[in-house]
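Source file: upload.cif; contents: mmCIF, C-alpha atoms (C1' of nucleotides).
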```cif
data_my_file
#
loop_
_atom_site.group_PDB
_atom_site.id
_atom_site.type_symbol
_atom_site.label_atom_id
_atom_site.label_comp_id
_atom_site.auth_asym_id
_atom_site.auth_seq_id
_atom_site.Cartn_x
_atom_site.Cartn_y
_atom_site.Cartn_z
ATOM 1 C CA MET A 518 72.319 118.262 149.971
ATOM 2 C CA ALA A 519 73.277 118.418 146.315
ATOM 3 C CA LEU A 520 76.852 117.590 145.487
ATOM 4 C CA LYS A 521 78.919 120.678 144.874
ATOM 5 C CA TYR A 522 82.209 120.800 143.038
ATOM 6 C CA SER A 523 85.353 121.108 145.118
ATOM 7 C CA ARG A 524 88.894 121.560 143.912
ATOM 8 C CA GLN A 525 90.168 119.356 146.715
ATOM 9 C CA ARG A 526 87.928 116.455 145.774
ATOM 10 C CA GLN A 527 89.059 116.711 142.181
ATOM 11 C CA VAL A 528 92.727 116.706 143.152
ATOM 12 C CA ILE A 529 92.211 113.706 145.439
ATOM 13 C CA LYS A 530 90.522 111.691 142.726
ATOM 14 C CA ASP A 531 93.061 112.762 140.099
ATOM 15 C CA PHE A 532 95.891 111.647 142.338
ATOM 16 C CA LEU A 533 94.270 108.314 143.114
ATOM 17 C CA MET A 534 93.857 107.632 139.401
ATOM 18 C CA THR A 535 97.603 107.890 138.885
ATOM 19 C CA ARG A 536 98.305 105.139 141.410
ATOM 20 C CA LYS A 537 98.053 101.396 141.094
ATOM 21 C CA ASP A 538 99.272 100.586 144.610
ATOM 22 C CA HIS A 539 96.014 101.246 146.467
ATOM 23 C CA PRO A 540 97.224 103.916 148.905
ATOM 24 C CA THR A 541 95.775 104.657 152.321
ATOM 25 C CA ALA A 542 94.131 107.956 153.255
ATOM 26 C CA ASP A 543 97.329 109.096 154.895
ATOM 27 C CA VAL A 544 99.407 108.416 151.777
ATOM 28 C CA VAL A 545 96.862 110.278 149.668
ATOM 29 C CA TYR A 546 97.052 113.165 152.124
ATOM 30 C CA MET A 547 100.850 113.400 152.071
ATOM 31 C CA ASN A 548 100.990 113.345 148.275
ATOM 32 C CA VAL A 549 98.109 115.703 147.590
ATOM 33 C CA LYS A 550 99.628 118.077 150.129
ATOM 34 C CA ARG A 551 102.529 118.648 147.756
ATOM 35 C CA GLU A 552 100.410 120.407 145.156
ATOM 36 C CA TYR A 553 97.780 121.619 147.593
ATOM 37 C CA PRO A 554 99.777 122.473 150.737
ATOM 38 C CA ASN A 555 96.998 123.495 153.090
ATOM 39 C CA ILE A 556 94.581 120.655 152.438
ATOM 40 C CA SER A 557 93.253 119.037 155.606
ATOM 41 C CA LEU A 558 93.494 115.373 156.515
ATOM 42 C CA GLY A 559 89.796 115.446 157.407
ATOM 43 C CA THR A 560 89.018 116.661 153.895
ATOM 44 C CA VAL A 561 90.900 113.698 152.451
ATOM 45 C CA TYR A 562 88.996 111.239 154.624
ATOM 46 C CA ARG A 563 85.645 112.872 153.941
ATOM 47 C CA ASN A 564 86.139 112.897 150.181
ATOM 48 C CA LEU A 565 87.518 109.382 149.954
ATOM 49 C CA SER A 566 84.454 108.141 151.831
ATOM 50 C CA LEU A 567 82.148 110.264 149.683
ATOM 51 C CA LEU A 568 83.691 109.014 146.447
ATOM 52 C CA ALA A 569 83.529 105.432 147.691
ATOM 53 C CA ASN A 570 79.838 105.824 148.554
ATOM 54 C CA LEU A 571 79.173 107.308 145.111
ATOM 55 C CA GLY A 572 80.898 104.295 143.598
ATOM 56 C CA GLU A 573 83.560 106.416 141.906
ATOM 57 C CA ILE A 574 86.338 104.684 143.813
ATOM 58 C CA GLN A 575 86.638 101.471 145.803
ATOM 59 C CA ARG A 576 87.451 101.039 149.470
ATOM 60 C CA LEU A 577 89.629 98.011 150.259
ATOM 61 C CA GLN A 578 89.793 96.470 153.701
ATOM 62 C CA VAL A 579 92.655 94.068 153.354
ATOM 63 C CA GLY A 580 93.038 93.148 157.003
ATOM 64 C CA ASP A 581 95.807 95.479 158.138
ATOM 65 C CA GLY A 582 93.323 97.719 159.909
ATOM 66 C CA ILE A 583 93.833 100.624 157.517
ATOM 67 C CA ASP A 584 91.509 101.371 154.619
ATOM 68 C CA HIS A 585 93.078 101.353 151.160
ATOM 69 C CA PHE A 586 91.573 103.030 148.098
ATOM 70 C CA ASP A 587 91.427 102.112 144.430
ATOM 71 C CA ALA A 588 90.303 104.389 141.586
ATOM 72 C CA ASP A 589 89.729 101.341 139.404
ATOM 73 C CA THR A 590 86.099 100.389 139.963
ATOM 74 C CA SER A 591 86.029 97.579 137.440
ATOM 75 C CA ARG A 592 85.581 94.159 138.990
ATOM 76 C CA HIS A 593 88.948 92.696 139.870
ATOM 77 C CA TYR A 594 90.615 90.901 142.729
ATOM 78 C CA HIS A 595 93.562 91.887 144.918
ATOM 79 C CA VAL A 596 96.566 90.135 146.388
ATOM 80 C CA VAL A 597 97.937 91.213 149.743
ATOM 81 C CA CYS A 598 101.590 90.308 150.266
ATOM 82 C CA THR A 599 102.147 88.706 153.662
ATOM 83 C CA LYS A 600 105.807 89.749 153.482
ATOM 84 C CA CYS A 601 105.788 93.430 152.441
ATOM 85 C CA GLY A 602 102.091 94.270 152.832
ATOM 86 C CA SER A 603 101.717 95.494 149.253
ATOM 87 C CA VAL A 604 98.294 95.330 147.613
ATOM 88 C CA THR A 605 98.365 94.480 143.921
ATOM 89 C CA ASP A 606 95.756 93.931 141.237
ATOM 90 C CA LEU A 607 95.007 90.462 139.994
ATOM 91 C CA ALA A 608 94.045 89.962 136.378
ATOM 92 C CA MET A 609 91.150 87.508 136.228
ATOM 93 C CA ASP A 610 87.859 87.383 134.375
ATOM 94 C CA SER A 611 84.729 87.551 136.457
ATOM 95 C CA THR A 612 83.492 84.045 135.737
ATOM 96 C CA PRO A 613 84.738 82.559 139.033
ATOM 97 C CA TYR A 614 83.168 85.492 140.860
ATOM 98 C CA ASP A 615 79.713 84.910 139.388
ATOM 99 C CA GLU A 616 80.030 81.160 139.804
ATOM 100 C CA LEU A 617 80.845 81.504 143.469
ATOM 101 C CA THR A 618 77.933 83.864 144.105
ATOM 102 C CA ASN A 619 75.544 81.537 142.265
ATOM 103 C CA THR A 620 76.801 78.417 144.009
ATOM 104 C CA VAL A 621 76.226 80.002 147.367
ATOM 105 C CA ASN A 622 72.827 81.476 146.528
ATOM 106 C CA ALA A 623 71.539 78.037 145.548
ATOM 107 C CA ASP A 624 70.940 76.864 149.098
ATOM 108 C CA PHE A 625 70.955 79.988 151.232
ATOM 109 C CA GLU A 626 67.731 81.050 152.908
ATOM 110 C CA GLY A 627 68.463 84.763 152.435
ATOM 111 C CA ILE A 628 69.833 86.677 149.446
ATOM 112 C CA ILE A 629 73.522 86.876 148.572
ATOM 113 C CA GLU A 630 74.234 90.141 146.779
ATOM 114 C CA GLY A 631 77.945 89.666 146.264
ATOM 115 C CA HIS A 632 81.187 88.946 147.996
ATOM 116 C CA VAL A 633 84.611 90.360 148.617
ATOM 117 C CA THR A 634 87.724 88.261 148.306
ATOM 118 C CA TYR A 635 91.315 89.032 149.146
ATOM 119 C CA PHE A 636 94.137 86.704 148.228
ATOM 120 C CA TYR A 637 97.134 86.370 150.513
ATOM 121 C CA GLY A 638 100.606 85.213 149.601
ATOM 122 C CA ILE A 639 103.978 86.363 148.362
ATOM 123 C CA CYS A 640 103.917 89.094 145.729
ATOM 124 C CA GLY A 641 106.040 88.961 142.588
ATOM 125 C CA ASN A 642 108.644 91.356 143.913
ATOM 126 C CA CYS A 643 109.218 89.528 147.192
ATOM 127 C CA HIS A 644 109.219 86.181 145.375
ATOM 128 C CA LYS A 645 112.069 87.296 143.110
ATOM 129 C CA LYS A 646 114.192 88.272 146.117
ATOM 130 C CA LEU A 647 114.081 84.775 147.659
ATOM 131 C CA MET B 836 108.022 82.040 176.607
ATOM 132 C CA ALA B 837 106.273 78.713 177.049
ATOM 133 C CA LEU B 838 102.536 78.853 177.167
ATOM 134 C CA LYS B 839 101.160 78.629 180.655
ATOM 135 C CA TYR B 840 97.635 77.636 181.604
ATOM 136 C CA SER B 841 95.271 80.382 182.647
ATOM 137 C CA ARG B 842 91.761 80.062 183.956
ATOM 138 C CA GLN B 843 90.745 83.201 182.074
ATOM 139 C CA ARG B 844 91.901 81.848 178.717
ATOM 140 C CA GLN B 845 89.988 78.640 179.318
ATOM 141 C CA VAL B 846 86.794 80.502 180.187
ATOM 142 C CA ILE B 847 87.146 82.725 177.110
ATOM 143 C CA LYS B 848 87.555 79.774 174.790
ATOM 144 C CA ASP B 849 84.774 77.819 176.465
ATOM 145 C CA PHE B 850 82.412 80.727 176.048
ATOM 146 C CA LEU B 851 83.337 81.233 172.407
ATOM 147 C CA MET B 852 82.637 77.566 171.680
ATOM 148 C CA THR B 853 79.051 77.983 172.868
ATOM 149 C CA ARG B 854 78.362 80.734 170.337
ATOM 150 C CA LYS B 855 77.650 80.546 166.643
ATOM 151 C CA ASP B 856 77.171 84.287 166.099
ATOM 152 C CA HIS B 857 80.854 85.269 165.926
ATOM 153 C CA PRO B 858 80.959 87.769 168.789
ATOM 154 C CA THR B 859 83.359 90.696 169.112
ATOM 155 C CA ALA B 860 85.921 91.027 171.901
ATOM 156 C CA ASP B 861 83.607 93.365 173.762
ATOM 157 C CA VAL B 862 80.720 90.899 173.640
ATOM 158 C CA VAL B 863 83.028 88.136 174.864
ATOM 159 C CA TYR B 864 84.147 90.417 177.675
ATOM 160 C CA MET B 865 80.630 91.292 178.818
ATOM 161 C CA ASN B 866 79.548 87.656 178.850
ATOM 162 C CA VAL B 867 82.631 86.168 180.458
ATOM 163 C CA LYS B 868 82.402 88.891 183.107
ATOM 164 C CA ARG B 869 79.224 87.280 184.381
ATOM 165 C CA GLU B 870 80.980 84.163 185.613
ATOM 166 C CA TYR B 871 84.355 85.808 186.116
ATOM 167 C CA PRO B 872 83.461 89.303 187.396
ATOM 168 C CA ASN B 873 86.917 90.845 187.654
ATOM 169 C CA ILE B 874 88.340 89.752 184.332
ATOM 170 C CA SER B 875 89.998 92.562 182.423
ATOM 171 C CA LEU B 876 89.120 93.684 178.905
ATOM 172 C CA GLY B 877 92.814 93.620 178.043
ATOM 173 C CA THR B 878 92.965 89.974 179.070
ATOM 174 C CA VAL B 879 90.127 89.175 176.695
ATOM 175 C CA TYR B 880 91.863 90.945 173.804
ATOM 176 C CA ARG B 881 95.229 89.384 174.589
ATOM 177 C CA ASN B 882 93.842 85.872 174.779
ATOM 178 C CA LEU B 883 91.638 86.153 171.722
ATOM 179 C CA SER B 884 94.692 87.274 169.746
ATOM 180 C CA LEU B 885 96.819 84.538 171.268
ATOM 181 C CA LEU B 886 94.261 81.835 170.477
ATOM 182 C CA ALA B 887 93.884 83.168 166.939
ATOM 183 C CA ASN B 888 97.652 83.085 166.417
ATOM 184 C CA LEU B 889 97.760 79.526 167.746
ATOM 185 C CA GLY B 890 95.057 78.600 165.260
ATOM 186 C CA GLU B 891 92.646 77.534 167.989
ATOM 187 C CA ILE B 892 90.096 80.144 166.961
ATOM 188 C CA GLN B 893 89.542 82.299 163.892
ATOM 189 C CA ARG B 894 89.599 86.091 163.617
ATOM 190 C CA LEU B 895 87.021 87.524 161.210
ATOM 191 C CA GLN B 896 87.349 90.986 159.709
ATOM 192 C CA VAL B 897 83.998 91.439 158.091
ATOM 193 C CA GLY B 898 84.331 95.113 157.219
ATOM 194 C CA ASP B 899 82.584 96.791 160.130
ATOM 195 C CA GLY B 900 85.900 97.779 161.681
ATOM 196 C CA ILE B 901 85.511 95.448 164.648
ATOM 197 C CA ASP B 902 87.145 92.046 164.849
ATOM 198 C CA HIS B 903 84.812 89.086 165.273
ATOM 199 C CA PHE B 904 85.848 85.670 166.557
ATOM 200 C CA ASP B 905 84.857 82.115 165.680
ATOM 201 C CA ALA B 906 85.755 78.989 167.646
ATOM 202 C CA ASP B 907 85.002 76.864 164.576
ATOM 203 C CA THR B 908 88.341 76.583 162.778
ATOM 204 C CA SER B 909 87.121 74.257 160.056
ATOM 205 C CA ARG B 910 87.116 75.828 156.629
ATOM 206 C CA HIS B 911 83.806 77.563 156.017
ATOM 207 C CA TYR B 912 82.503 80.831 154.644
ATOM 208 C CA HIS B 913 80.523 83.614 156.284
ATOM 209 C CA VAL B 914 77.649 85.845 155.289
ATOM 210 C CA VAL B 915 77.446 89.381 156.625
ATOM 211 C CA CYS B 916 73.937 90.823 156.617
ATOM 212 C CA THR B 917 73.863 94.325 155.159
ATOM 213 C CA LYS B 918 70.655 95.002 157.071
ATOM 214 C CA CYS B 919 71.299 93.793 160.620
ATOM 215 C CA GLY B 920 75.059 93.224 160.546
ATOM 216 C CA SER B 921 74.802 89.615 161.692
ATOM 217 C CA VAL B 922 77.574 87.202 160.733
ATOM 218 C CA THR B 923 76.377 83.689 159.974
ATOM 219 C CA ASP B 924 78.045 80.489 158.835
ATOM 220 C CA LEU B 925 77.628 79.272 155.314
ATOM 221 C CA ALA B 926 77.549 75.541 154.625
ATOM 222 C CA MET B 927 79.643 74.848 151.536
ATOM 223 C CA ASP B 928 82.223 72.259 150.604
ATOM 224 C CA SER B 929 85.726 73.520 149.992
ATOM 225 C CA THR B 930 85.864 72.692 146.283
ATOM 226 C CA PRO B 931 85.154 76.258 145.138
ATOM 227 C CA TYR B 932 87.789 77.509 147.545
ATOM 228 C CA ASP B 933 90.520 75.266 146.167
ATOM 229 C CA GLU B 934 89.431 75.913 142.594
ATOM 230 C CA LEU B 935 89.650 79.656 143.077
ATOM 231 C CA THR B 936 93.108 79.451 144.639
ATOM 232 C CA ASN B 937 94.321 77.192 141.832
ATOM 233 C CA THR B 938 92.829 79.356 139.090
ATOM 234 C CA VAL B 939 94.572 82.399 140.470
ATOM 235 C CA ASN B 940 97.904 80.691 141.060
ATOM 236 C CA ALA B 941 98.050 79.610 137.427
ATOM 237 C CA ASP B 942 99.204 82.957 136.087
ATOM 238 C CA PHE B 943 100.456 84.887 139.092
ATOM 239 C CA GLU B 944 104.143 85.679 139.331
ATOM 240 C CA GLY B 945 104.249 85.246 143.118
ATOM 241 C CA ILE B 946 102.691 82.587 145.324
ATOM 242 C CA ILE B 947 99.074 82.590 146.431
ATOM 243 C CA GLU B 948 98.751 80.864 149.784
ATOM 244 C CA GLY B 949 95.038 81.278 150.260
ATOM 245 C CA HIS B 950 92.228 83.765 150.338
ATOM 246 C CA VAL B 951 89.500 85.117 152.549
ATOM 247 C CA THR B 952 85.983 85.653 151.283
ATOM 248 C CA TYR B 953 83.005 87.297 152.900
ATOM 249 C CA PHE B 954 79.568 87.198 151.332
ATOM 250 C CA TYR B 955 77.243 90.151 151.718
ATOM 251 C CA GLY B 956 73.488 90.174 151.443
ATOM 252 C CA ILE B 957 70.278 89.744 153.403
ATOM 253 C CA CYS B 958 70.347 87.049 156.066
ATOM 254 C CA GLY B 959 67.551 84.514 156.477
ATOM 255 C CA ASN B 960 65.982 86.332 159.412
ATOM 256 C CA CYS B 961 65.840 89.743 157.744
ATOM 257 C CA HIS B 962 64.573 88.156 154.525
ATOM 258 C CA LYS B 963 61.609 86.598 156.333
ATOM 259 C CA LYS B 964 60.578 89.987 157.756
ATOM 260 C CA LEU B 965 60.213 91.611 154.322
ATOM 261 C "C1'" DC C 18 105.273 70.762 200.651
ATOM 262 C "C1'" DT C 19 108.242 75.054 199.554
ATOM 263 C "C1'" DT C 20 110.005 78.126 196.370
ATOM 264 C "C1'" DA C 21 111.641 80.795 192.666
ATOM 265 C "C1'" DA C 22 111.407 82.186 187.941
ATOM 266 C "C1'" DA C 23 108.427 82.688 184.110
ATOM 267 C "C1'" DA C 24 104.043 83.886 182.492
ATOM 268 C "C1'" DA C 25 99.603 85.975 183.028
ATOM 269 C "C1'" DT C 26 96.496 89.253 185.021
ATOM 270 C "C1'" DA C 27 93.945 93.653 186.417
ATOM 271 C "C1'" DG C 28 93.748 98.183 185.862
ATOM 272 C "C1'" DT C 29 95.009 101.989 183.524
ATOM 273 C "C1'" DA C 30 97.294 104.833 180.072
ATOM 274 C "C1'" DA C 31 98.539 105.323 175.325
ATOM 275 C "C1'" DT C 32 97.970 104.679 170.335
ATOM 276 C "C1'" DG C 33 96.230 105.467 165.880
ATOM 277 C "C1'" DA C 34 92.822 105.506 162.306
ATOM 278 C "C1'" DT C 35 88.779 107.773 161.621
ATOM 279 C "C1'" DT C 36 84.899 110.927 162.570
ATOM 280 C "C1'" DA C 37 82.692 115.042 164.531
ATOM 281 C "C1'" DC C 38 82.518 119.890 165.277
ATOM 282 C "C1'" DT C 39 82.667 124.812 164.047
ATOM 283 C "C1'" DA C 40 83.927 129.137 162.260
ATOM 284 C "C1'" DT C 41 85.202 130.487 157.731
ATOM 285 C "C1'" DT C 42 85.467 130.014 152.763
ATOM 286 C "C1'" DT C 43 83.856 128.476 148.262
ATOM 287 C "C1'" DC C 44 80.200 127.266 144.848
ATOM 288 C "C1'" DT C 45 76.425 128.064 142.105
ATOM 289 C "C1'" DA C 46 71.806 129.207 140.761
ATOM 290 C "C1'" DA C 47 68.770 133.030 140.525
ATOM 291 C "C1'" DT D 1085 75.886 140.421 142.478
ATOM 292 C "C1'" DT D 1086 74.407 137.823 146.019
ATOM 293 C "C1'" DA D 1087 72.371 134.646 149.297
ATOM 294 C "C1'" DG D 1088 72.054 130.180 150.878
ATOM 295 C "C1'" DA D 1089 73.917 125.659 150.585
ATOM 296 C "C1'" DA D 1090 77.912 122.892 150.677
ATOM 297 C "C1'" DA D 1091 82.771 122.285 151.572
ATOM 298 C "C1'" DT D 1092 86.957 123.318 153.945
ATOM 299 C "C1'" DA D 1093 90.779 123.811 157.581
ATOM 300 C "C1'" DG D 1094 91.946 123.040 161.902
ATOM 301 C "C1'" DT D 1095 91.103 120.915 165.927
ATOM 302 C "C1'" DA D 1096 88.866 117.973 169.309
ATOM 303 C "C1'" DA D 1097 86.608 113.698 170.159
ATOM 304 C "C1'" DT D 1098 85.764 108.691 169.453
ATOM 305 C "C1'" DC D 1099 86.625 104.025 169.898
ATOM 306 C "C1'" DA D 1100 88.781 99.580 169.071
ATOM 307 C "C1'" DT D 1101 92.944 97.856 170.267
ATOM 308 C "C1'" DT D 1102 97.591 97.684 172.335
ATOM 309 C "C1'" DA D 1103 101.138 98.857 175.753
ATOM 310 C "C1'" DC D 1104 102.651 99.329 180.405
ATOM 311 C "C1'" DT D 1105 103.383 97.945 185.244
ATOM 312 C "C1'" DA D 1106 102.775 96.356 189.770
ATOM 313 C "C1'" DT D 1107 100.769 92.198 191.491
ATOM 314 C "C1'" DT D 1108 99.163 87.458 191.227
ATOM 315 C "C1'" DT D 1109 99.285 82.581 189.145
ATOM 316 C "C1'" DT D 1110 101.304 78.815 187.369
ATOM 317 C "C1'" DT D 1111 104.577 75.198 187.255
ATOM 318 C "C1'" DA D 1112 108.747 72.693 187.538
ATOM 319 C "C1'" DA D 1113 112.435 71.501 190.588
ATOM 320 C "C1'" DG D 1114 114.433 70.827 195.136
#
```

Rewritten as structure tokens:
Amino acid sequence: MALKYSRQRQVIKDFLMTRKDHPTADVVYMNVKREYPNISLGTVYRNLSLLANLGEIQRLQVGDGIDHFDADTSRHYHVVCTKCGSVTDLAMDSTPYDELTNTVNADFEGIIEGHVTYFYGICGNCHKKL
Amino acid sequence: MALKYSRQRQVIKDFLMTRKDHPTADVVYMNVKREYPNISLGTVYRNLSLLANLGEIQRLQVGDGIDHFDADTSRHYHVVCTKCGSVTDLAMDSTPYDELTNTVNADFEGIIEGHVTYFYGICGNCHKKL
DNA sequence: CTTAAAAATAGTAATGATTACTATTTCTAA
DNA sequence: TTAGAAATAGTAATCATTACTATTTTTAAG
């Protein structure tokens, strides 16, 4: 099953690349619908999953039960605001990431391939409002 | 709404304390049903959520879309096996945890309260079989 | 030991994100 | 140009979890 070009997939990825707020499939759907009115929600889900599996985008499971997506595949962390639910990028070099993986691998009887970390707290915007 | 004792809640917590494999609500239900045949699935969900909110147990969202539960509320990490899906405890002191939180707080414009981390890889059992 | 109000339960229906299905349309290599 | 593979739109199904409601438990006070 060779991958075949699809206009819809391109539009979905293009849209995701314009956003830094890690939208859900439903948000992607509602926005893409504006320039592609008869796109199907199933198509959005299918392509987001496909792109995530190909490693072209990242799937984030931040704990609210809804998958979020990020077109930035470089290694970076995320902060989930416990007040407004926003998901924002966290600038940080990858040294702590590698250190943590190595520390854990040292005395684990299997193989640690990596880890996912989500930070929780009050985002900049909500903090200003207090 | 003061908390009132319930036999069901006690049985649910007692069962969870006997397990180290971080069972899902459905697994808890099936097991508790054996000694409490007419317990309801809704009761299991309601009490697991209640206990988690009270801080008496921990809810784990490991990425498989199903909530897992852990009666051990001490701070510790978990490894999710990418082969068999098992969730196992990881012995590690909390120094890396605090360090990571502090590192991130240093230049973040909001407030980081904590973070959740899940390690992914091959568990000890699956590793032996290779 | 009653009893009455609050809380919890069992059983069932509803919710909501996601996936599956299918007839039709779109891609693309020959 | 065309044929077969892949993708889509639209809809139905899935499945973990939550909501609802009549009934049962719990518990504190008389």

May I have a table of the residues of chain C lying at most 10 Å from chain B, giving each one's closest pair of atoms and their distance in Å to one decimal, counting only C-alpha atoms (C1' of nucleotides), ordered by chain and ascending residue number, as a tab-separated table?
```
residue	atom	partner	partner_atom	distance
C:DA23	C1'	B:Met836	CA	7.5
C:DA24	C1'	B:Lys839	CA	6.3
C:DA25	C1'	B:Ser841	CA	7.1
C:DT26	C1'	B:Thr878	CA	7.0
C:DA27	C1'	B:Ser875	CA	5.7
C:DG28	C1'	B:Ser875	CA	7.6
```

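The residues caught by the PyMOL selection byres ((chain D) within 9 of (chain A)) in this file are D:DA1089, D:DA1090, D:DA1091, D:DT1092, D:DA1093, D:DG1094.
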
Item to check | Result set of the PyMOL selection byres ((chain B) within 6 of (chain A)) on the coordinates above, as number ranges by chain | outcome: B: 944-959, 962

Item to check | Residues matched by the PyMOL selection byres ((chain D and resi 1105) around 10) as a PyMOL selection string | outcome: (chain C and resi 28-29) or (chain D and resi 1103-1104+1106-1107)

Writer output for current selection, C-alpha atoms (C1' of nucleotides), as an mmCIF file, in the frame of the given file:
```cif
data_model
loop_
_atom_site.group_PDB
_atom_site.id
_atom_site.type_symbol
_atom_site.label_atom_id
_atom_site.label_comp_id
_atom_site.auth_asym_id
_atom_site.auth_seq_id
_atom_site.Cartn_x
_atom_site.Cartn_y
_atom_site.Cartn_z
ATOM 1 C "C1'" DG C 28 93.748 98.183 185.862
ATOM 2 C "C1'" DT C 29 95.009 101.989 183.524
ATOM 3 C "C1'" DA D 1103 101.138 98.857 175.753
ATOM 4 C "C1'" DC D 1104 102.651 99.329 180.405
ATOM 5 C "C1'" DA D 1106 102.775 96.356 189.770
ATOM 6 C "C1'" DT D 1107 100.769 92.198 191.491
#
```

Item to check | Residue neighbourhood stretch 905-908 of chain B, 12 Å, only C-alpha atoms (C1' of nucleotides), exclusion window fewer than 3 positions, as number ranges by chain | outcome: B: 847-860, 863, 883-884, 886-896, 902, 911-913, 922-924

What does the file look like for those residues with C-alpha atoms, as a PDB file, in the coordinates of the input?
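Everything below was put into selection.pdb:
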```
ATOM      1  CA  ILE B 847      87.146  82.725 177.110  1.00  0.00           C
ATOM      2  CA  LYS B 848      87.555  79.774 174.790  1.00  0.00           C
ATOM      3  CA  ASP B 849      84.774  77.819 176.465  1.00  0.00           C
ATOM      4  CA  PHE B 850      82.412  80.727 176.048  1.00  0.00           C
ATOM      5  CA  LEU B 851      83.337  81.233 172.407  1.00  0.00           C
ATOM      6  CA  MET B 852      82.637  77.566 171.680  1.00  0.00           C
ATOM      7  CA  THR B 853      79.051  77.983 172.868  1.00  0.00           C
ATOM      8  CA  ARG B 854      78.362  80.734 170.337  1.00  0.00           C
ATOM      9  CA  LYS B 855      77.650  80.546 166.643  1.00  0.00           C
ATOM     10  CA  ASP B 856      77.171  84.287 166.099  1.00  0.00           C
ATOM     11  CA  HIS B 857      80.854  85.269 165.926  1.00  0.00           C
ATOM     12  CA  PRO B 858      80.959  87.769 168.789  1.00  0.00           C
ATOM     13  CA  THR B 859      83.359  90.696 169.112  1.00  0.00           C
ATOM     14  CA  ALA B 860      85.921  91.027 171.901  1.00  0.00           C
ATOM     15  CA  VAL B 863      83.028  88.136 174.864  1.00  0.00           C
ATOM     16  CA  LEU B 883      91.638  86.153 171.722  1.00  0.00           C
ATOM     17  CA  SER B 884      94.692  87.274 169.746  1.00  0.00           C
ATOM     18  CA  LEU B 886      94.261  81.835 170.477  1.00  0.00           C
ATOM     19  CA  ALA B 887      93.884  83.168 166.939  1.00  0.00           C
ATOM     20  CA  ASN B 888      97.652  83.085 166.417  1.00  0.00           C
ATOM     21  CA  LEU B 889      97.760  79.526 167.746  1.00  0.00           C
ATOM     22  CA  GLY B 890      95.057  78.600 165.260  1.00  0.00           C
ATOM     23  CA  GLU B 891      92.646  77.534 167.989  1.00  0.00           C
ATOM     24  CA  ILE B 892      90.096  80.144 166.961  1.00  0.00           C
ATOM     25  CA  GLN B 893      89.542  82.299 163.892  1.00  0.00           C
ATOM     26  CA  ARG B 894      89.599  86.091 163.617  1.00  0.00           C
ATOM     27  CA  LEU B 895      87.021  87.524 161.210  1.00  0.00           C
ATOM     28  CA  GLN B 896      87.349  90.986 159.709  1.00  0.00           C
ATOM     29  CA  ASP B 902      87.145  92.046 164.849  1.00  0.00           C
ATOM     30  CA  HIS B 911      83.806  77.563 156.017  1.00  0.00           C
ATOM     31  CA  TYR B 912      82.503  80.831 154.644  1.00  0.00           C
ATOM     32  CA  HIS B 913      80.523  83.614 156.284  1.00  0.00           C
ATOM     33  CA  VAL B 922      77.574  87.202 160.733  1.00  0.00           C
ATOM     34  CA  THR B 923      76.377  83.689 159.974  1.00  0.00           C
ATOM     35  CA  ASP B 924      78.045  80.489 158.835  1.00  0.00           C
TER      36      ASP B 924
END
```

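Atom CA of A:Ser603 sits 20.1 Å away from atom CA of B:Ala941.
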
Calculate, to one decimal in Å, the centre and edge lengths of the box along x, y and z of the file that holds all listed atoms of stretch 1097-1113 of chain D with 4 Å of margin on each side, and present them as AutoDock Vina command-line options.
```
--center_x 99.1 --center_y 92.6 --center_z 180.3 --size_x 34.7 --size_y 50.2 --size_z 30.4
```

From the block you just saw, export stretch 1091-1102 of chain D: C-alpha atoms (C1' of nucleotides), as an mmCIF file, in the first residue's frame.
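Wrote decode_5.cif, looks like this:
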```
data_model
loop_
_atom_site.group_PDB
_atom_site.id
_atom_site.type_symbol
_atom_site.label_atom_id
_atom_site.label_comp_id
_atom_site.auth_asym_id
_atom_site.auth_seq_id
_atom_site.Cartn_x
_atom_site.Cartn_y
_atom_site.Cartn_z
ATOM 1 C "C1'" DA D 1091 -8.049 7.930 -0.563
ATOM 2 C "C1'" DT D 1092 -12.326 10.176 0.376
ATOM 3 C "C1'" DA D 1093 -17.143 11.436 2.188
ATOM 4 C "C1'" DG D 1094 -20.633 10.096 4.765
ATOM 5 C "C1'" DT D 1095 -22.329 7.227 7.977
ATOM 6 C "C1'" DA D 1096 -22.503 3.532 11.356
ATOM 7 C "C1'" DA D 1097 -20.167 1.188 14.981
ATOM 8 C "C1'" DT D 1098 -17.018 0.876 19.014
ATOM 9 C "C1'" DC D 1099 -15.715 1.380 23.571
ATOM 10 C "C1'" DA D 1100 -14.176 3.659 27.758
ATOM 11 C "C1'" DT D 1101 -16.338 6.529 30.728
ATOM 12 C "C1'" DT D 1102 -20.077 9.332 32.743
#
```
